[in-house]
file target_18.txt (compact mmCIF, C-alpha atoms)
# COMPACT_ATOMS: atom_id res chain seq x y z
CA MET A 3 7.29 -20.06 6.33
CA PRO A 4 5.65 -17.45 8.59
CA ILE A 5 5.33 -13.91 7.31
CA THR A 6 7.41 -11.39 9.25
CA LEU A 7 7.64 -7.61 9.21
CA ALA A 8 11.13 -7.93 7.70
CA SER A 9 9.85 -10.07 4.82
CA ILE A 10 7.01 -7.60 4.14
CA LYS A 11 9.52 -4.72 4.05
CA ALA A 12 11.87 -6.65 1.76
CA ASN A 13 8.99 -7.38 -0.63
CA LEU A 14 7.97 -3.71 -0.71
CA ASP A 15 11.58 -2.55 -1.16
CA SER A 16 11.62 -4.26 -4.55
CA LYS A 17 8.43 -2.47 -5.63
CA VAL A 18 9.35 1.16 -4.88
CA GLY A 19 8.14 3.41 -7.71
CA LYS A 20 5.33 1.07 -8.83
CA LYS A 21 1.65 2.00 -9.09
CA MET A 22 -0.54 0.46 -6.41
CA MET A 23 -3.93 0.54 -4.73
CA VAL A 24 -4.41 0.48 -0.96
CA VAL A 25 -7.69 -0.82 0.45
CA ALA A 26 -8.06 0.20 4.09
CA GLN A 27 -10.70 -0.52 6.70
CA ALA A 28 -12.02 2.92 7.72
CA GLY A 29 -14.48 1.78 10.32
CA ARG A 30 -17.55 -0.29 10.60
CA LYS A 31 -18.45 -1.64 7.16
CA LYS A 32 -16.55 1.22 5.54
CA VAL A 33 -13.63 0.71 3.19
CA THR A 34 -11.46 3.35 1.52
CA LYS A 35 -9.58 2.71 -1.71
CA ARG A 36 -6.63 4.91 -2.64
CA LYS A 37 -4.47 4.75 -5.75
CA GLY A 38 -0.91 5.97 -5.83
CA ILE A 39 2.76 5.13 -6.19
CA LEU A 40 4.91 3.46 -3.55
CA HIS A 41 7.29 6.32 -2.76
CA GLU A 42 9.66 5.01 -0.11
CA THR A 43 10.10 2.40 2.60
CA TYR A 44 11.42 3.14 6.07
CA PRO A 45 12.25 0.77 8.95
CA SER A 46 8.71 0.91 10.40
CA VAL A 47 6.48 2.45 7.71
CA PHE A 48 6.07 2.88 3.96
CA VAL A 49 4.90 6.01 2.15
CA VAL A 50 2.47 6.14 -0.78
CA ASP A 51 2.23 9.23 -3.04
CA LEU A 52 -1.48 9.50 -3.81
CA ASP A 53 -3.12 10.28 -7.14
CA GLN A 54 -3.99 13.99 -6.86
CA GLU A 55 -7.07 13.70 -9.08
CA GLU A 56 -8.78 11.40 -6.59
CA ASN A 57 -7.44 12.54 -3.19
CA ALA A 58 -7.28 15.81 -1.27
CA PHE A 59 -3.84 15.15 0.23
CA GLU A 60 -0.48 14.24 -1.28
CA ARG A 61 0.75 11.20 0.61
CA VAL A 62 -0.13 8.71 3.26
CA SER A 63 1.94 6.32 5.33
CA TYR A 64 1.14 2.87 6.68
CA SER A 65 3.02 0.52 8.96
CA TYR A 66 4.10 -2.97 7.97
CA ALA A 67 2.04 -4.20 10.93
CA ASP A 68 -1.08 -2.94 9.09
CA LEU A 69 -0.32 -5.44 6.32
CA LEU A 70 0.53 -8.21 8.77
CA THR A 71 -2.73 -7.78 10.70
CA LYS A 72 -4.68 -7.34 7.44
CA THR A 73 -5.95 -3.89 8.41
CA ILE A 74 -4.98 -2.86 4.88
CA LYS A 75 -4.53 -4.73 1.62
CA ILE A 76 -2.35 -3.62 -1.25
CA GLU A 77 -2.44 -4.50 -4.93
CA PHE A 78 0.19 -3.51 -7.45
CA ASP A 79 -0.80 -2.81 -11.07
CA ASP A 80 1.80 -5.25 -12.41
CA ASP A 81 0.30 -8.03 -10.22
CA GLN A 82 -3.12 -7.47 -11.79
CA GLN A 83 -1.71 -7.56 -15.32
CA THR A 84 0.02 -10.90 -14.76
CA ALA A 85 -3.13 -12.30 -13.14
CA ALA A 86 -5.19 -11.27 -16.19
CA SER A 87 -2.77 -12.95 -18.64
call {"tool": "encode", "arguments": {"input": "target_18.txt", "output": "C-alpha cells"}}
result
Amino acid sequence: MPITLASIKANLDSKVGKKMMVVAQAGRKKVTKRKGILHETYPSVFVVDLDQEENAFERVSYSYADLLTKTIKIEFDDDQQTAAS
C-alpha cells in the first residue's frame, strides 16, 4: 500500500505527547538532530516542542510532505525501546 499524507498524519495523531527525535537535512552533508515531544498535528503540519536544554527555541513545525520526501526522519522513544527488546 502506498504511503499517503493522510496515513502519515493518522500515524502521528496516535503519537501526540510522545518523546521523539527529528533528524533533518540542513544542507550539504549537514544533519541536525532535535529531541522533543510531539505537541500537536494540524491538517498540513505537525508541531514539536523542543527540549530547552539542547535548543535555543521552543518549538518547530514540519510538514507531512517532509516525511514523505524523506527530508526529515523521526524516531519515537517507544519505538527504540521495543526494537531493543
call {"tool": "atom_distance", "arguments": {"input": "target_18.txt", "atom1": "atom CA of A:Phe78", "atom2": "atom CA of A:Lys20"}}
result
7.0 Å
call {"tool": "atom_distance", "arguments": {"input": "target_18.txt", "atom1": "atom CA of A:Gly19", "atom2": "atom CA of A:Leu40"}}
result
5.3 Å
call {"tool": "residues_near_point", "arguments": {"input": "target_18.txt", "point": "(-1.4, 9.3, -9.5)", "cutoff": "7 Å", "atoms": "all atoms listed in the file", "output": "MDAnalysis selection string"}}
result
chainID A and resid 37:39 52:54
call {"tool": "atom_distance", "arguments": {"input": "target_18.txt", "atom1": "atom CA of A:Thr71", "atom2": "atom CA of A:Asn57"}}
result
25.1 Å
call {"tool": "closest_residue", "arguments": {"input": "target_18.txt", "among": "A:Val33, A:Phe48, A:Glu42, A:Lys21", "to": "A:Leu69", "atoms": "all atoms listed in the file"}}
result
A:Phe48
call {"tool": "residues_around", "arguments": {"input": "target_18.txt", "residues": "stretch 4-6 of chain A", "least_positions_apart": "6", "cutoff": "12 Å", "atoms": "all atoms listed in the file", "output": "ChimeraX atom specification"}}
result
/A:12-13,66-72
call {"tool": "closest_residue", "arguments": {"input": "target_18.txt", "among": "A:Ile74, A:Asp80, A:Ser63, A:Thr43", "to": "A:Ala28", "atoms": "all atoms listed in the file"}}
result
A:Ile74
call {"tool": "closest_residue", "arguments": {"input": "target_18.txt", "among": "A:His41, A:Thr34, A:Val18, A:Ile76", "to": "A:Glu56", "atoms": "all atoms listed in the file"}}
result
A:Thr34
call {"tool": "closest_residue", "arguments": {"input": "target_18.txt", "among": "A:Lys31, A:Lys75, A:Lys17, A:Arg36", "to": "A:Phe59", "atoms": "all atoms listed in the file"}}
result
A:Arg36
call {"tool": "closest_residue", "arguments": {"input": "target_18.txt", "among": "A:Met22, A:Asp51, A:Pro45, A:Thr73", "to": "A:Ile10", "atoms": "all atoms listed in the file"}}
result
A:Pro45
call {"tool": "build_atoms", "arguments": {"input": "target_18.txt", "residues": "stretch 30-54 of chain A", "atoms": "N, CA and C atoms", "output": "PDB file, keeping the file's coordinate frame"}}
result
ATOM      1  N   ARG A  30     -16.550   0.749  10.694  1.00  0.00           N
ATOM      2  CA  ARG A  30     -17.550  -0.290  10.600  1.00  0.00           C
ATOM      3  C   ARG A  30     -18.169  -0.348   9.210  1.00  0.00           C
ATOM      4  N   LYS A  31     -17.922  -1.415   8.509  1.00  0.00           N
ATOM      5  CA  LYS A  31     -18.450  -1.640   7.160  1.00  0.00           C
ATOM      6  C   LYS A  31     -18.069  -0.541   6.172  1.00  0.00           C
ATOM      7  N   LYS A  32     -16.988   0.165   6.445  1.00  0.00           N
ATOM      8  CA  LYS A  32     -16.550   1.220   5.540  1.00  0.00           C
ATOM      9  C   LYS A  32     -15.126   0.931   5.083  1.00  0.00           C
ATOM     10  N   VAL A  33     -14.929   1.007   3.788  1.00  0.00           N
ATOM     11  CA  VAL A  33     -13.630   0.710   3.190  1.00  0.00           C
ATOM     12  C   VAL A  33     -13.228   1.896   2.321  1.00  0.00           C
ATOM     13  N   THR A  34     -11.962   2.303   2.399  1.00  0.00           N
ATOM     14  CA  THR A  34     -11.460   3.350   1.520  1.00  0.00           C
ATOM     15  C   THR A  34     -10.440   2.747   0.562  1.00  0.00           C
ATOM     16  N   LYS A  35     -10.515   3.165  -0.686  1.00  0.00           N
ATOM     17  CA  LYS A  35      -9.580   2.710  -1.710  1.00  0.00           C
ATOM     18  C   LYS A  35      -8.807   3.924  -2.198  1.00  0.00           C
ATOM     19  N   ARG A  36      -7.487   3.808  -2.195  1.00  0.00           N
ATOM     20  CA  ARG A  36      -6.630   4.910  -2.640  1.00  0.00           C
ATOM     21  C   ARG A  36      -5.611   4.383  -3.633  1.00  0.00           C
ATOM     22  N   LYS A  37      -5.467   5.110  -4.741  1.00  0.00           N
ATOM     23  CA  LYS A  37      -4.470   4.750  -5.750  1.00  0.00           C
ATOM     24  C   LYS A  37      -3.291   5.689  -5.639  1.00  0.00           C
ATOM     25  N   GLY A  38      -2.112   5.153  -5.884  1.00  0.00           N
ATOM     26  CA  GLY A  38      -0.910   5.970  -5.830  1.00  0.00           C
ATOM     27  C   GLY A  38       0.306   5.185  -6.239  1.00  0.00           C
ATOM     28  N   ILE A  39       1.467   5.732  -5.869  1.00  0.00           N
ATOM     29  CA  ILE A  39       2.760   5.130  -6.190  1.00  0.00           C
ATOM     30  C   ILE A  39       3.520   4.920  -4.898  1.00  0.00           C
ATOM     31  N   LEU A  40       4.091   3.739  -4.731  1.00  0.00           N
ATOM     32  CA  LEU A  40       4.910   3.460  -3.550  1.00  0.00           C
ATOM     33  C   LEU A  40       6.149   4.353  -3.626  1.00  0.00           C
ATOM     34  N   HIS A  41       6.239   5.312  -2.703  1.00  0.00           N
ATOM     35  CA  HIS A  41       7.290   6.320  -2.760  1.00  0.00           C
ATOM     36  C   HIS A  41       8.575   5.856  -2.088  1.00  0.00           C
ATOM     37  N   GLU A  42       8.466   5.392  -0.841  1.00  0.00           N
ATOM     38  CA  GLU A  42       9.660   5.010  -0.110  1.00  0.00           C
ATOM     39  C   GLU A  42       9.301   4.086   1.041  1.00  0.00           C
ATOM     40  N   THR A  43      10.275   3.270   1.437  1.00  0.00           N
ATOM     41  CA  THR A  43      10.100   2.400   2.600  1.00  0.00           C
ATOM     42  C   THR A  43      11.086   2.829   3.683  1.00  0.00           C
ATOM     43  N   TYR A  44      10.613   2.806   4.898  1.00  0.00           N
ATOM     44  CA  TYR A  44      11.420   3.140   6.070  1.00  0.00           C
ATOM     45  C   TYR A  44      11.420   1.929   6.996  1.00  0.00           C
ATOM     46  N   PRO A  45      12.202   1.951   8.078  1.00  0.00           N
ATOM     47  CA  PRO A  45      12.250   0.770   8.950  1.00  0.00           C
ATOM     48  C   PRO A  45      10.898   0.334   9.521  1.00  0.00           C
ATOM     49  N   SER A  46       9.991   1.275   9.789  1.00  0.00           N
ATOM     50  CA  SER A  46       8.710   0.910  10.400  1.00  0.00           C
ATOM     51  C   SER A  46       7.489   1.177   9.528  1.00  0.00           C
ATOM     52  N   VAL A  47       7.630   2.052   8.527  1.00  0.00           N
ATOM     53  CA  VAL A  47       6.480   2.450   7.710  1.00  0.00           C
ATOM     54  C   VAL A  47       6.873   2.524   6.235  1.00  0.00           C
ATOM     55  N   PHE A  48       5.847   2.594   5.380  1.00  0.00           N
ATOM     56  CA  PHE A  48       6.070   2.880   3.960  1.00  0.00           C
ATOM     57  C   PHE A  48       5.165   4.026   3.553  1.00  0.00           C
ATOM     58  N   VAL A  49       5.596   4.792   2.561  1.00  0.00           N
ATOM     59  CA  VAL A  49       4.900   6.010   2.150  1.00  0.00           C
ATOM     60  C   VAL A  49       4.371   5.820   0.730  1.00  0.00           C
ATOM     61  N   VAL A  50       3.110   6.228   0.522  1.00  0.00           N
ATOM     62  CA  VAL A  50       2.470   6.140  -0.780  1.00  0.00           C
ATOM     63  C   VAL A  50       2.128   7.556  -1.239  1.00  0.00           C
ATOM     64  N   ASP A  51       2.628   7.966  -2.428  1.00  0.00           N
ATOM     65  CA  ASP A  51       2.230   9.230  -3.040  1.00  0.00           C
ATOM     66  C   ASP A  51       0.898   8.994  -3.730  1.00  0.00           C
ATOM     67  N   LEU A  52      -0.132   9.727  -3.313  1.00  0.00           N
ATOM     68  CA  LEU A  52      -1.480   9.500  -3.810  1.00  0.00           C
ATOM     69  C   LEU A  52      -1.735  10.219  -5.127  1.00  0.00           C
ATOM     70  N   ASP A  53      -2.676   9.681  -5.893  1.00  0.00           N
ATOM     71  CA  ASP A  53      -3.120  10.280  -7.140  1.00  0.00           C
ATOM     72  C   ASP A  53      -3.887  11.566  -6.778  1.00  0.00           C
ATOM     73  N   GLN A  54      -3.408  12.707  -7.245  1.00  0.00           N
ATOM     74  CA  GLN A  54      -3.990  13.990  -6.860  1.00  0.00           C
ATOM     75  C   GLN A  54      -5.374  14.233  -7.443  1.00  0.00           C
TER      76      GLN A  54
END
